[in-house]
Each structure stands twice: as C-alpha cells, then as structure tokens.
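Peer 1: Contents of protein.pdb (PDB, C-alpha atoms and all ligand atoms) are below:
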ATOM      1  CA  MET A   1      12.459  15.463   8.821  1.00  0.00           C
ATOM      2  CA  ILE A   2      12.399  12.096   7.113  1.00  0.00           C
ATOM      3  CA  TYR A   3       9.701   9.590   8.072  1.00  0.00           C
ATOM      4  CA  ASP A   4       9.968   5.961   7.021  1.00  0.00           C
ATOM      5  CA  ILE A   5       6.374   4.710   6.644  1.00  0.00           C
ATOM      6  CA  SER A   6       7.271   1.220   5.349  1.00  0.00           C
ATOM      7  CA  MET A   7       6.741  -2.061   7.183  1.00  0.00           C
ATOM      8  CA  ARG A   8       9.807  -3.925   8.410  1.00  0.00           C
ATOM      9  CA  ILE A   9      10.013  -7.329   6.687  1.00  0.00           C
ATOM     10  CA  HIS A  10      10.645 -10.217   9.063  1.00  0.00           C
ATOM     11  CA  GLU A  11       9.330 -13.735   9.646  1.00  0.00           C
ATOM     12  CA  ASP A  12       6.546 -12.652  12.005  1.00  0.00           C
ATOM     13  CA  ILE A  13       5.395  -9.641  10.002  1.00  0.00           C
ATOM     14  CA  GLN A  14       1.600  -9.282   9.936  1.00  0.00           C
ATOM     15  CA  VAL A  15       0.163 -10.757   6.744  1.00  0.00           C
ATOM     16  CA  TYR A  16      -3.268 -10.724   5.120  1.00  0.00           C
ATOM     17  CA  LYS A  17      -5.730 -12.844   7.128  1.00  0.00           C
ATOM     18  CA  ASN A  18      -2.701 -14.304   8.967  1.00  0.00           C
ATOM     19  CA  LYS A  19      -2.246 -16.773   6.113  1.00  0.00           C
ATOM     20  CA  GLU A  20       0.886 -18.824   6.678  1.00  0.00           C
ATOM     21  CA  VAL A  21       1.707 -18.910   2.934  1.00  0.00           C
ATOM     22  CA  LYS A  22       1.950 -15.106   2.883  1.00  0.00           C
ATOM     23  CA  LYS A  23       4.695 -15.033   5.494  1.00  0.00           C
ATOM     24  CA  PRO A  24       8.214 -14.408   4.217  1.00  0.00           C
ATOM     25  CA  VAL A  25      10.655 -17.299   4.554  1.00  0.00           C
ATOM     26  CA  PHE A  26      14.352 -16.500   5.004  1.00  0.00           C
ATOM     27  CA  LYS A  27      16.759 -19.269   4.140  1.00  0.00           C
ATOM     28  CA  ASN A  28      20.468 -19.188   4.647  1.00  0.00           C
ATOM     29  CA  ALA A  29      22.209 -19.839   1.320  1.00  0.00           C
ATOM     30  CA  SER A  30      25.762 -19.701   2.657  1.00  0.00           C
ATOM     31  CA  ASN A  31      27.365 -18.579   5.882  1.00  0.00           C
ATOM     32  CA  HIS A  32      30.709 -17.787   7.484  1.00  0.00           C
ATOM     33  CA  ASN A  33      31.229 -21.431   8.465  1.00  0.00           C
ATOM     34  CA  ASN A  34      30.732 -22.997   5.023  1.00  0.00           C
ATOM     35  CA  SER A  35      31.682 -20.151   2.707  1.00  0.00           C
ATOM     36  CA  SER A  36      33.615 -16.923   2.433  1.00  0.00           C
ATOM     37  CA  ALA A  37      30.364 -14.957   2.222  1.00  0.00           C
ATOM     38  CA  TYR A  38      27.064 -14.846   4.072  1.00  0.00           C
ATOM     39  CA  GLU A  39      23.996 -14.923   1.794  1.00  0.00           C
ATOM     40  CA  THR A  40      20.246 -15.183   2.398  1.00  0.00           C
ATOM     41  CA  LYS A  41      17.421 -16.330   0.150  1.00  0.00           C
ATOM     42  CA  LEU A  42      13.980 -14.806   0.590  1.00  0.00           C
ATOM     43  CA  ASP A  43      10.709 -16.449  -0.460  1.00  0.00           C
ATOM     44  CA  MET A  44       7.936 -13.868  -0.211  1.00  0.00           C
ATOM     45  CA  ASN A  45       4.530 -13.028  -1.668  1.00  0.00           C
ATOM     46  CA  LEU A  46       4.752  -9.666  -3.465  1.00  0.00           C
ATOM     47  CA  HIS A  47       1.762  -8.406  -1.432  1.00  0.00           C
ATOM     48  CA  THR A  48       3.533  -8.948   1.881  1.00  0.00           C
ATOM     49  CA  GLY A  49       4.548  -5.764   3.679  1.00  0.00           C
ATOM     50  CA  THR A  50       4.413  -2.318   2.062  1.00  0.00           C
ATOM     51  CA  HIS A  51       3.818  -2.689  -1.667  1.00  0.00           C
ATOM     52  CA  VAL A  52       2.406  -1.153  -4.828  1.00  0.00           C
ATOM     53  CA  ASP A  53      -0.487  -2.914  -6.600  1.00  0.00           C
ATOM     54  CA  TYR A  54      -0.439  -2.664 -10.411  1.00  0.00           C
ATOM     55  CA  PRO A  55      -3.642  -2.892 -12.531  1.00  0.00           C
ATOM     56  CA  PHE A  56      -2.817  -6.475 -13.620  1.00  0.00           C
ATOM     57  CA  HIS A  57      -3.491  -7.561 -10.011  1.00  0.00           C
ATOM     58  CA  MET A  58      -7.240  -7.323 -10.684  1.00  0.00           C
ATOM     59  CA  ILE A  59      -7.587  -6.649 -14.425  1.00  0.00           C
ATOM     60  CA  PRO A  60      -6.378  -9.348 -16.891  1.00  0.00           C
ATOM     61  CA  GLU A  61      -5.466  -6.775 -19.575  1.00  0.00           C
ATOM     62  CA  GLY A  62      -4.170  -4.229 -17.033  1.00  0.00           C
ATOM     63  CA  LYS A  63      -0.640  -2.845 -16.823  1.00  0.00           C
ATOM     64  CA  THR A  64       2.085  -4.683 -14.901  1.00  0.00           C
ATOM     65  CA  SER A  65       5.143  -3.447 -13.036  1.00  0.00           C
ATOM     66  CA  ASP A  66       6.691  -2.700 -16.435  1.00  0.00           C
ATOM     67  CA  ALA A  67       4.558   0.473 -16.588  1.00  0.00           C
ATOM     68  CA  GLU A  68       6.639   3.517 -15.715  1.00  0.00           C
ATOM     69  CA  ILE A  69       4.832   5.238 -12.834  1.00  0.00           C
ATOM     70  CA  LEU A  70       7.638   6.841 -10.837  1.00  0.00           C
ATOM     71  CA  ASP A  71       6.235  10.267 -11.712  1.00  0.00           C
ATOM     72  CA  LYS A  72       3.091   9.313  -9.793  1.00  0.00           C
ATOM     73  CA  LEU A  73       4.982   7.822  -6.857  1.00  0.00           C
ATOM     74  CA  MET A  74       7.223  10.827  -6.239  1.00  0.00           C
ATOM     75  CA  GLY A  75       5.962  14.244  -5.213  1.00  0.00           C
ATOM     76  CA  SER A  76       3.500  15.887  -2.892  1.00  0.00           C
ATOM     77  CA  CYS A  77       1.008  13.841  -0.909  1.00  0.00           C
ATOM     78  CA  LYS A  78      -1.610  14.460   1.756  1.00  0.00           C
ATOM     79  CA  VAL A  79      -1.980  12.303   4.856  1.00  0.00           C
ATOM     80  CA  LEU A  80      -5.681  12.351   5.799  1.00  0.00           C
ATOM     81  CA  ASP A  81      -6.926  11.446   9.269  1.00  0.00           C
ATOM     82  CA  PHE A  82      -9.542   8.686   9.261  1.00  0.00           C
ATOM     83  CA  THR A  83      -8.704   7.305  12.704  1.00  0.00           C
ATOM     84  CA  ASN A  84     -12.355   7.815  13.690  1.00  0.00           C
ATOM     85  CA  CYS A  85     -13.631   5.487  10.971  1.00  0.00           C
ATOM     86  CA  GLU A  86     -14.631   2.143  12.462  1.00  0.00           C
ATOM     87  CA  ASP A  87     -15.484   0.080   9.404  1.00  0.00           C
ATOM     88  CA  SER A  88     -14.767   1.788   6.091  1.00  0.00           C
ATOM     89  CA  ILE A  89     -13.894   5.122   4.508  1.00  0.00           C
ATOM     90  CA  THR A  90     -16.963   6.352   2.639  1.00  0.00           C
ATOM     91  CA  LYS A  91     -17.650   9.137   0.162  1.00  0.00           C
ATOM     92  CA  ALA A  92     -19.078  11.200   3.055  1.00  0.00           C
ATOM     93  CA  ASP A  93     -15.838  10.764   5.010  1.00  0.00           C
ATOM     94  CA  LEU A  94     -13.786  11.838   1.987  1.00  0.00           C
ATOM     95  CA  MET A  95     -15.984  14.878   1.314  1.00  0.00           C
ATOM     96  CA  LYS A  96     -14.940  16.390   4.651  1.00  0.00           C
ATOM     97  CA  HIS A  97     -11.428  16.840   3.208  1.00  0.00           C
ATOM     98  CA  ASP A  98     -10.037  19.180   0.605  1.00  0.00           C
ATOM     99  CA  ILE A  99      -9.138  16.793  -2.245  1.00  0.00           C
ATOM    100  CA  LEU A 100      -7.908  18.109  -5.598  1.00  0.00           C
ATOM    101  CA  GLU A 101      -7.148  16.647  -9.006  1.00  0.00           C
ATOM    102  CA  ASN A 102      -3.734  14.940  -9.129  1.00  0.00           C
ATOM    103  CA  ASP A 103      -3.518  14.550  -5.333  1.00  0.00           C
ATOM    104  CA  PHE A 104      -1.838  11.505  -3.820  1.00  0.00           C
ATOM    105  CA  LEU A 105      -3.737  10.625  -0.634  1.00  0.00           C
ATOM    106  CA  LEU A 106      -2.517   8.502   2.279  1.00  0.00           C
ATOM    107  CA  PHE A 107      -5.195   7.237   4.667  1.00  0.00           C
ATOM    108  CA  LYS A 108      -4.267   7.147   8.334  1.00  0.00           C
ATOM    109  CA  THR A 109      -6.675   4.829  10.161  1.00  0.00           C
ATOM    110  CA  LYS A 110      -6.812   2.666  13.270  1.00  0.00           C
ATOM    111  CA  ASN A 111      -4.981   0.024  11.174  1.00  0.00           C
ATOM    112  CA  SER A 112      -1.720   1.855  11.914  1.00  0.00           C
ATOM    113  CA  LEU A 113      -2.197   1.368  15.647  1.00  0.00           C
ATOM    114  CA  SER A 114      -1.937  -2.427  15.461  1.00  0.00           C
ATOM    115  CA  ASP A 115       1.047  -4.619  14.613  1.00  0.00           C
ATOM    116  CA  GLU A 116      -1.325  -7.590  14.402  1.00  0.00           C
ATOM    117  CA  PHE A 117      -3.511  -8.187  11.356  1.00  0.00           C
ATOM    118  CA  LEU A 118      -6.987  -6.743  11.977  1.00  0.00           C
ATOM    119  CA  PHE A 119      -9.698  -8.901  10.433  1.00  0.00           C
ATOM    120  CA  ASP A 120     -11.982  -5.833  10.550  1.00  0.00           C
ATOM    121  CA  PHE A 121      -9.352  -3.483   9.090  1.00  0.00           C
ATOM    122  CA  VAL A 122     -10.621  -0.135   7.804  1.00  0.00           C
ATOM    123  CA  TYR A 123     -10.940  -0.066   4.013  1.00  0.00           C
ATOM    124  CA  LEU A 124     -12.051   2.258   1.216  1.00  0.00           C
ATOM    125  CA  ASP A 125     -15.575   1.400   0.101  1.00  0.00           C
ATOM    126  CA  ARG A 126     -16.590   1.371  -3.557  1.00  0.00           C
ATOM    127  CA  GLU A 127     -18.572   4.648  -3.453  1.00  0.00           C
ATOM    128  CA  GLY A 128     -15.498   6.303  -1.957  1.00  0.00           C
ATOM    129  CA  ALA A 129     -13.372   4.833  -4.745  1.00  0.00           C
ATOM    130  CA  LYS A 130     -15.802   6.158  -7.380  1.00  0.00           C
ATOM    131  CA  TYR A 131     -15.631   9.608  -5.816  1.00  0.00           C
ATOM    132  CA  LEU A 132     -11.813   9.582  -5.950  1.00  0.00           C
ATOM    133  CA  LYS A 133     -11.940   8.456  -9.567  1.00  0.00           C
ATOM    134  CA  GLU A 134     -14.219  11.425 -10.416  1.00  0.00           C
ATOM    135  CA  LEU A 135     -11.788  13.762  -8.660  1.00  0.00           C
ATOM    136  CA  LYS A 136      -8.950  12.315 -10.795  1.00  0.00           C
ATOM    137  CA  ILE A 137      -6.469  11.787  -7.987  1.00  0.00           C
ATOM    138  CA  ARG A 138      -3.138  10.216  -8.998  1.00  0.00           C
ATOM    139  CA  GLY A 139      -2.867   7.671  -6.223  1.00  0.00           C
ATOM    140  CA  VAL A 140      -3.944   6.421  -2.836  1.00  0.00           C
ATOM    141  CA  GLY A 141      -2.082   4.702  -0.012  1.00  0.00           C
ATOM    142  CA  THR A 142      -3.579   2.820   2.899  1.00  0.00           C
ATOM    143  CA  ASP A 143      -2.299   1.507   6.223  1.00  0.00           C
ATOM    144  CA  GLY A 144      -4.355  -1.658   5.719  1.00  0.00           C
ATOM    145  CA  LEU A 145      -2.893  -4.680   3.969  1.00  0.00           C
ATOM    146  CA  GLY A 146      -5.734  -4.280   1.477  1.00  0.00           C
ATOM    147  CA  ILE A 147      -7.463  -1.213   0.040  1.00  0.00           C
ATOM    148  CA  GLU A 148     -10.731  -3.149   0.441  1.00  0.00           C
ATOM    149  CA  ARG A 149     -12.182  -6.095   2.325  1.00  0.00           C
ATOM    150  CA  ASN A 150     -15.046  -8.467   1.604  1.00  0.00           C
ATOM    151  CA  GLN A 151     -16.556  -6.418  -1.219  1.00  0.00           C
ATOM    152  CA  GLU A 152     -18.030  -8.382  -4.072  1.00  0.00           C
ATOM    153  CA  ASP A 153     -15.872  -8.402  -7.239  1.00  0.00           C
ATOM    154  CA  HIS A 154     -13.088  -6.295  -5.645  1.00  0.00           C
ATOM    155  CA  LEU A 155     -14.764  -3.150  -6.919  1.00  0.00           C
ATOM    156  CA  THR A 156     -12.598  -0.649  -5.053  1.00  0.00           C
ATOM    157  CA  HIS A 157      -9.460  -2.161  -6.618  1.00  0.00           C
ATOM    158  CA  LYS A 158     -11.051  -2.303 -10.070  1.00  0.00           C
ATOM    159  CA  ILE A 159     -12.440   1.248 -10.010  1.00  0.00           C
ATOM    160  CA  LEU A 160      -9.038   2.699  -9.063  1.00  0.00           C
ATOM    161  CA  LEU A 161      -6.752   0.412 -11.067  1.00  0.00           C
ATOM    162  CA  GLY A 162      -9.072   0.735 -14.095  1.00  0.00           C
ATOM    163  CA  GLU A 163      -8.151   4.450 -14.162  1.00  0.00           C
ATOM    164  CA  ASP A 164      -4.442   3.777 -13.517  1.00  0.00           C
ATOM    165  CA  ILE A 165      -4.799   5.350 -10.071  1.00  0.00           C
ATOM    166  CA  VAL A 166      -1.884   3.941  -8.073  1.00  0.00           C
ATOM    167  CA  ILE A 167      -2.555   1.894  -4.932  1.00  0.00           C
ATOM    168  CA  ILE A 168      -0.006   1.494  -2.118  1.00  0.00           C
ATOM    169  CA  GLU A 169      -0.902  -0.967   0.634  1.00  0.00           C
ATOM    170  CA  GLY A 170       0.617  -1.722   4.028  1.00  0.00           C
ATOM    171  CA  LEU A 171       1.790   1.732   5.125  1.00  0.00           C
ATOM    172  CA  ARG A 172       2.621   2.533   8.764  1.00  0.00           C
ATOM    173  CA  LEU A 173       1.277   5.933   9.785  1.00  0.00           C
ATOM    174  CA  LYS A 174       0.938   5.758  13.583  1.00  0.00           C
ATOM    175  CA  ASP A 175       3.409   8.565  14.260  1.00  0.00           C
ATOM    176  CA  ILE A 176       2.590  10.625  11.195  1.00  0.00           C
ATOM    177  CA  GLU A 177       0.778  13.919  11.641  1.00  0.00           C
ATOM    178  CA  PRO A 178      -2.027  14.400   9.087  1.00  0.00           C
ATOM    179  CA  LYS A 179      -0.805  17.123   6.703  1.00  0.00           C
ATOM    180  CA  SER A 180       1.051  17.541   3.399  1.00  0.00           C
ATOM    181  CA  TYR A 181       4.435  15.913   2.745  1.00  0.00           C
ATOM    182  CA  GLU A 182       6.839  15.126  -0.056  1.00  0.00           C
ATOM    183  CA  MET A 183       6.611  11.396  -0.799  1.00  0.00           C
ATOM    184  CA  ILE A 184       9.248   9.081  -2.225  1.00  0.00           C
ATOM    185  CA  CYS A 185       7.922   5.607  -3.044  1.00  0.00           C
ATOM    186  CA  LEU A 186      10.299   3.228  -4.819  1.00  0.00           C
ATOM    187  CA  PRO A 187       8.926  -0.214  -5.755  1.00  0.00           C
ATOM    188  CA  LEU A 188      11.521  -2.874  -6.573  1.00  0.00           C
ATOM    189  CA  LYS A 189      12.150  -3.069 -10.315  1.00  0.00           C
ATOM    190  CA  ILE A 190      10.728  -6.555 -10.895  1.00  0.00           C
ATOM    191  CA  GLN A 191       9.747  -7.408 -14.445  1.00  0.00           C
ATOM    192  CA  GLY A 192       6.148  -8.082 -15.518  1.00  0.00           C
ATOM    193  CA  VAL A 193       4.433  -8.660 -12.170  1.00  0.00           C
ATOM    194  CA  GLU A 194       1.203  -7.490 -10.499  1.00  0.00           C
ATOM    195  CA  ALA A 195       2.757  -5.956  -7.377  1.00  0.00           C
ATOM    196  CA  SER A 196       6.087  -4.903  -5.996  1.00  0.00           C
ATOM    197  CA  PRO A 197       7.445  -4.374  -2.456  1.00  0.00           C
ATOM    198  CA  ALA A 198       8.317  -0.732  -1.870  1.00  0.00           C
ATOM    199  CA  ARG A 199      10.152   1.542   0.525  1.00  0.00           C
ATOM    200  CA  VAL A 200       8.055   4.625   1.176  1.00  0.00           C
ATOM    201  CA  ILE A 201       9.393   7.760   2.785  1.00  0.00           C
ATOM    202  CA  LEU A 202       7.825  11.105   3.645  1.00  0.00           C
ATOM    203  CA  LYS A 203       9.678  14.417   3.972  1.00  0.00           C
ATOM    204  CA  ASP A 204       8.583  17.723   5.460  1.00  0.00           C
TER     205      ASP A 204
HETATM  206 ZN    ZN B   1      -1.745  -5.904  -2.859  1.00  0.00          ZN
END
Translate the structure of the given file into structure tokens.
Ligand SMILES: [Zn+2]
Peer 2:
Amino acid sequence: MIYDISMRIHEDIQVYKNKEVKKPVFKNASNHNNSSAYETKLDMNLHTGTHVDYPFHMIPEGKTSDAEILDKLMGSCKVLDFTNCEDSITKADLMKHDILENDFLLFKTKNSLSDEFLFDFVYLDREGAKYLKELKIRGVGTDGLGIERNQEDHLTHKILLGEDIVIIEGLRLKDIEPKSYEMICLPLKIQGVEASPARVILKD
C-alpha cells in the first residue's frame, strides 16, 4: 500500500498560528480566455504545509537546502503513537518505545485529528530532543506545523538541527497505523533556503 501523508496545499490550508501572511496565494497568470495556456503563480511561505526544515532555519552558520540529504529522507521509518500525549512528547514518552541509532521517527499525535490549527498542538520538548540526539537518530517528522511551541530559544529545533538530524513538519497521520514503513520524502530542489515543501509517502 502507498500512503500519502502530505498536506494538500490550498488557500484555506491550516497555517502556523493562523497567520494570514503564511497562507498561500494563488494568482492566475494567464487563462484560456486571454492566452493559449492556463498558468498559475503561487506565493507561499516555505514553512506552509508539509516541509523539511534545514539547519539554517535556526542556526546562522547551519546548512541550507543545498545540503544533500536524500539518503536520510529515503528508507525505513517508524510511526510512533503519541495520541495520548496532551501537551508535549517528553523523554519519558520516548523511552516507552524501541528507538535505535539511525532511525527516522514519525510522531502521530492528536494534531493529525484536526484540520484546524491547534494553538496547543503537541510538540517535542527539549529533553526529548536531547534524548533523540544521544540516540543518534537520523530524522524526525511531526504532524504539528512546528516541532516545538513556546520554548525559549527554540531549543528543540537547535538541538536536532545542530546535529544535522532532519526535521519534517506538517505531516498527516490520522489514518496511519503505528508501525514500520518505507518512507519517500522529496523536498523541492530550491537553492540556498532554510526550508522546502515536500511530498512524503509511506509504503508497506
Ligand atoms: Zn518549519
């Protein structure tokens, strides 16, 4: 089976803190009445919808989208069930799971159950991020539009991105059974930026 776990991009897509400036704007560039071809222009924040965050997002000297990380974005991954977490995913929550070096983890939380932005979305707290860094995982994906919320200095981002641990944000995991899959995550090949929209697919 193939499971598409990406968000659909449209004008009313949920965006971080419902900020109007983060909503994508579609503009017709030419149409069948005024041209021989129909074309659309899209104005969109790179953190809208499902996307990969690169280290430069939080670290001034960090790597950008020019870094070649497809080897990290393709391969086995584990969907972990955290639908019982109300506020954040902690080290204690993570320790209940079998996590190994080089794992790519996808967190299924209550975030996946809502198509509206949740101001109290479930996030990974900084002690959890430190634990994952010690375990040397290769990446983490979340069904929140952020891997963290309201933490001073964005420590979860910095702990993970500082180790070149990949972060995918904005996944949709409502119908996905927690288990192991083959993941294909392909961020758009945009030069020298801090994030890139991605299509993410699971196979079993
Ligand atoms: Zn982001």
Peer 1: Kindly give the distance, in Å, that separates atom CA of Lys189 of chain A and atom CA of Lys41 of chain A, rounded to a single decimal.
Peer 2: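 Distance reported for this atom pair: 17.7 Å.
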Peer 1: For ligand ZN 1 (chain B), return the neighbouring residues as a list of chain:residue names (distance at most 7 Å; all atoms listed in the file).
Peer 2: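 These are the residues that qualify: A:His47, A:His51, A:Val52, A:Asp53, A:Gly146, A:Glu169, A:Ala195.
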Peer 1: Using only C-alpha atoms, which protein or nucleic acid residues come within 12 Å of Leu124 of chain A? Drop anything in the same chain fewer than 2 positions from it, and give the result as an mmCIF file with C-alpha atoms, in the coordinates of the input.
Peer 2:
data_model
loop_
_atom_site.group_PDB
_atom_site.id
_atom_site.type_symbol
_atom_site.label_atom_id
_atom_site.label_comp_id
_atom_site.auth_asym_id
_atom_site.auth_seq_id
_atom_site.Cartn_x
_atom_site.Cartn_y
_atom_site.Cartn_z
ATOM 1 C CA PHE A 82 -9.542 8.686 9.261
ATOM 2 C CA CYS A 85 -13.631 5.487 10.971
ATOM 3 C CA GLU A 86 -14.631 2.143 12.462
ATOM 4 C CA ASP A 87 -15.484 0.080 9.404
ATOM 5 C CA SER A 88 -14.767 1.788 6.091
ATOM 6 C CA ILE A 89 -13.894 5.122 4.508
ATOM 7 C CA THR A 90 -16.963 6.352 2.639
ATOM 8 C CA LYS A 91 -17.650 9.137 0.162
ATOM 9 C CA ALA A 92 -19.078 11.200 3.055
ATOM 10 C CA ASP A 93 -15.838 10.764 5.010
ATOM 11 C CA LEU A 94 -13.786 11.838 1.987
ATOM 12 C CA LEU A 105 -3.737 10.625 -0.634
ATOM 13 C CA LEU A 106 -2.517 8.502 2.279
ATOM 14 C CA PHE A 107 -5.195 7.237 4.667
ATOM 15 C CA LYS A 108 -4.267 7.147 8.334
ATOM 16 C CA THR A 109 -6.675 4.829 10.161
ATOM 17 C CA PHE A 121 -9.352 -3.483 9.090
ATOM 18 C CA VAL A 122 -10.621 -0.135 7.804
ATOM 19 C CA ARG A 126 -16.590 1.371 -3.557
ATOM 20 C CA GLU A 127 -18.572 4.648 -3.453
ATOM 21 C CA GLY A 128 -15.498 6.303 -1.957
ATOM 22 C CA ALA A 129 -13.372 4.833 -4.745
ATOM 23 C CA LYS A 130 -15.802 6.158 -7.380
ATOM 24 C CA TYR A 131 -15.631 9.608 -5.816
ATOM 25 C CA LEU A 132 -11.813 9.582 -5.950
ATOM 26 C CA VAL A 140 -3.944 6.421 -2.836
ATOM 27 C CA GLY A 141 -2.082 4.702 -0.012
ATOM 28 C CA THR A 142 -3.579 2.820 2.899
ATOM 29 C CA ASP A 143 -2.299 1.507 6.223
ATOM 30 C CA GLY A 144 -4.355 -1.658 5.719
ATOM 31 C CA LEU A 145 -2.893 -4.680 3.969
ATOM 32 C CA GLY A 146 -5.734 -4.280 1.477
ATOM 33 C CA ILE A 147 -7.463 -1.213 0.040
ATOM 34 C CA GLU A 148 -10.731 -3.149 0.441
ATOM 35 C CA ARG A 149 -12.182 -6.095 2.325
ATOM 36 C CA ASN A 150 -15.046 -8.467 1.604
ATOM 37 C CA GLN A 151 -16.556 -6.418 -1.219
ATOM 38 C CA HIS A 154 -13.088 -6.295 -5.645
ATOM 39 C CA LEU A 155 -14.764 -3.150 -6.919
ATOM 40 C CA THR A 156 -12.598 -0.649 -5.053
ATOM 41 C CA HIS A 157 -9.460 -2.161 -6.618
ATOM 42 C CA ILE A 159 -12.440 1.248 -10.010
ATOM 43 C CA LEU A 160 -9.038 2.699 -9.063
ATOM 44 C CA ILE A 167 -2.555 1.894 -4.932
ATOM 45 C CA GLU A 169 -0.902 -0.967 0.634
#
Peer 1: Translate the PyMOL selection byres (((chain A and resi 165) around 7) and not hetatm) into a concrete residue list for this structure, as a ChimeraX atom specification.
Peer 2: /A:137-139,160-161,163-164,166-167
Peer 1: Name the residues that the PyMOL selection byres (((chain A and resi 50) around 7) and not hetatm) picks from the file above, as a list in words, using the file's chain letters and numbers.
Peer 2: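 Applied to this file, the PyMOL selection byres (((chain A and resi 50) around 7) and not hetatm) returns Ser6, Met7, Thr48, Gly49, His51, Glu169, Gly170, Leu171, Pro197 and Ala198 of chain A.
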Peer 1: Mind telling me what the PyMOL selection byres (((chain A and resi 1) around 7) and not hetatm) catches here, as an MDAnalysis selection string?
Peer 2: chainID A and resid 2:3 203:204
Peer 1: Given the choices A:Thr83, A:Phe117, A:Ile201, A:Phe104, which gets closest to Lys19 of chain A if the distance is worked out from all atoms listed in the file?
Peer 2: A:Phe117
Peer 1: Let me have the centre and edge lengths in Å, one decimal, of the box along x, y and z around every listed atom of segment 119-124 of chain A with 8 Å of margin on each side, as AutoDock Vina command-line options.
Peer 2:
--center_x -10.7 --center_y -3.3 --center_z 5.9 --size_x 18.7 --size_y 27.2 --size_z 25.3
Peer 1: Check the smallest atom-to-atom distance from each of A:Ile99, A:Ile59, A:Ile176, A:Ile168 to Leu113 of chain A using all atoms listed in the file, then report the winner.
Peer 2: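 Of A:Ile99, A:Ile59, A:Ile176, A:Ile168, the one nearest Leu113 of chain A, counting all atoms listed in the file, is A:Ile176.
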Peer 1: At a cut-off of 8 Å, using only C-alpha atoms, what residues contact Leu202 of chain A? Leave out same-chain residues fewer than 4 positions from it and give the result as a count of residues only.
Peer 2: 8
Peer 1: Once you count all atoms listed in the file, what closest atom pair and distance in Å to one decimal does each residue of segment 42-114 of chain A within 6 Å of segment 22-33 of chain A have, with rows by chain and rising residue number, as CSV?
Peer 2:
residue,atom,partner,partner_atom,distance
A:Leu42,CA,A:Phe26,CA,4.7
A:Asp43,CA,A:Val25,CA,5.1
A:Met44,CA,A:Pro24,CA,4.5
A:Asn45,CA,A:Lys22,CA,5.6
Peer 1: Can you tell me how far atom CA of Arg172 of chain A sits from atom CA of Glu20 of chain A, in Å to one decimal?
Peer 2: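 Spanning atom CA of Arg172 of chain A to atom CA of Glu20 of chain A is a straight-line distance of 21.5 Å.
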Peer 1: One decimal, Å: what's the distance from atom CA of Gly75 of chain A over to atom CA of Asp103 of chain A, could you say?
Peer 2: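 That distance, rounded to one decimal, is 9.5 Å.
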Peer 1: With the input short on atoms, add N, CA and C atoms back to segment 79-97 of chain A and write it as a compact mmCIF listing (two decimals), in the coordinates of the input.
Peer 2:
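Final output, selection34.txt:
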# COMPACT_ATOMS: atom_id res chain seq x y z
N VAL A 79 -1.55 13.33 3.90
CA VAL A 79 -1.98 12.30 4.86
C VAL A 79 -3.30 12.78 5.46
N LEU A 80 -4.35 11.99 5.29
CA LEU A 80 -5.68 12.35 5.80
C LEU A 80 -6.01 11.50 7.02
N ASP A 81 -6.60 12.13 8.02
CA ASP A 81 -6.93 11.45 9.27
C ASP A 81 -8.30 10.77 9.18
N PHE A 82 -8.28 9.44 9.20
CA PHE A 82 -9.54 8.69 9.26
C PHE A 82 -9.53 7.74 10.47
N THR A 83 -8.81 8.18 11.52
CA THR A 83 -8.70 7.30 12.70
C THR A 83 -10.05 7.13 13.41
N ASN A 84 -11.03 7.98 13.08
CA ASN A 84 -12.36 7.82 13.69
C ASN A 84 -13.25 6.84 12.92
N CYS A 85 -12.82 6.43 11.75
CA CYS A 85 -13.63 5.49 10.97
C CYS A 85 -13.51 4.09 11.59
N GLU A 86 -14.64 3.47 11.84
CA GLU A 86 -14.63 2.14 12.46
C GLU A 86 -14.57 1.02 11.43
N ASP A 87 -15.32 1.18 10.35
CA ASP A 87 -15.48 0.08 9.40
C ASP A 87 -14.82 0.38 8.06
N SER A 88 -15.29 1.46 7.42
CA SER A 88 -14.77 1.79 6.09
C SER A 88 -14.69 3.30 5.91
N ILE A 89 -13.96 3.71 4.89
CA ILE A 89 -13.89 5.12 4.51
C ILE A 89 -14.90 5.30 3.38
N THR A 90 -15.87 6.17 3.60
CA THR A 90 -16.96 6.35 2.64
C THR A 90 -16.80 7.67 1.89
N LYS A 91 -17.65 7.87 0.90
CA LYS A 91 -17.65 9.14 0.16
C LYS A 91 -17.87 10.31 1.13
N ALA A 92 -18.79 10.13 2.08
CA ALA A 92 -19.08 11.20 3.06
C ALA A 92 -17.83 11.53 3.88
N ASP A 93 -17.08 10.51 4.25
CA ASP A 93 -15.84 10.76 5.01
C ASP A 93 -14.84 11.56 4.16
N LEU A 94 -14.74 11.17 2.89
CA LEU A 94 -13.79 11.84 1.99
C LEU A 94 -14.18 13.29 1.73
N MET A 95 -15.51 13.53 1.65
CA MET A 95 -15.98 14.88 1.31
C MET A 95 -15.66 15.92 2.39
N LYS A 96 -15.31 15.45 3.59
CA LYS A 96 -14.94 16.39 4.65
C LYS A 96 -13.55 16.97 4.42
N HIS A 97 -12.80 16.39 3.46
CA HIS A 97 -11.43 16.84 3.21
C HIS A 97 -11.34 17.59 1.88
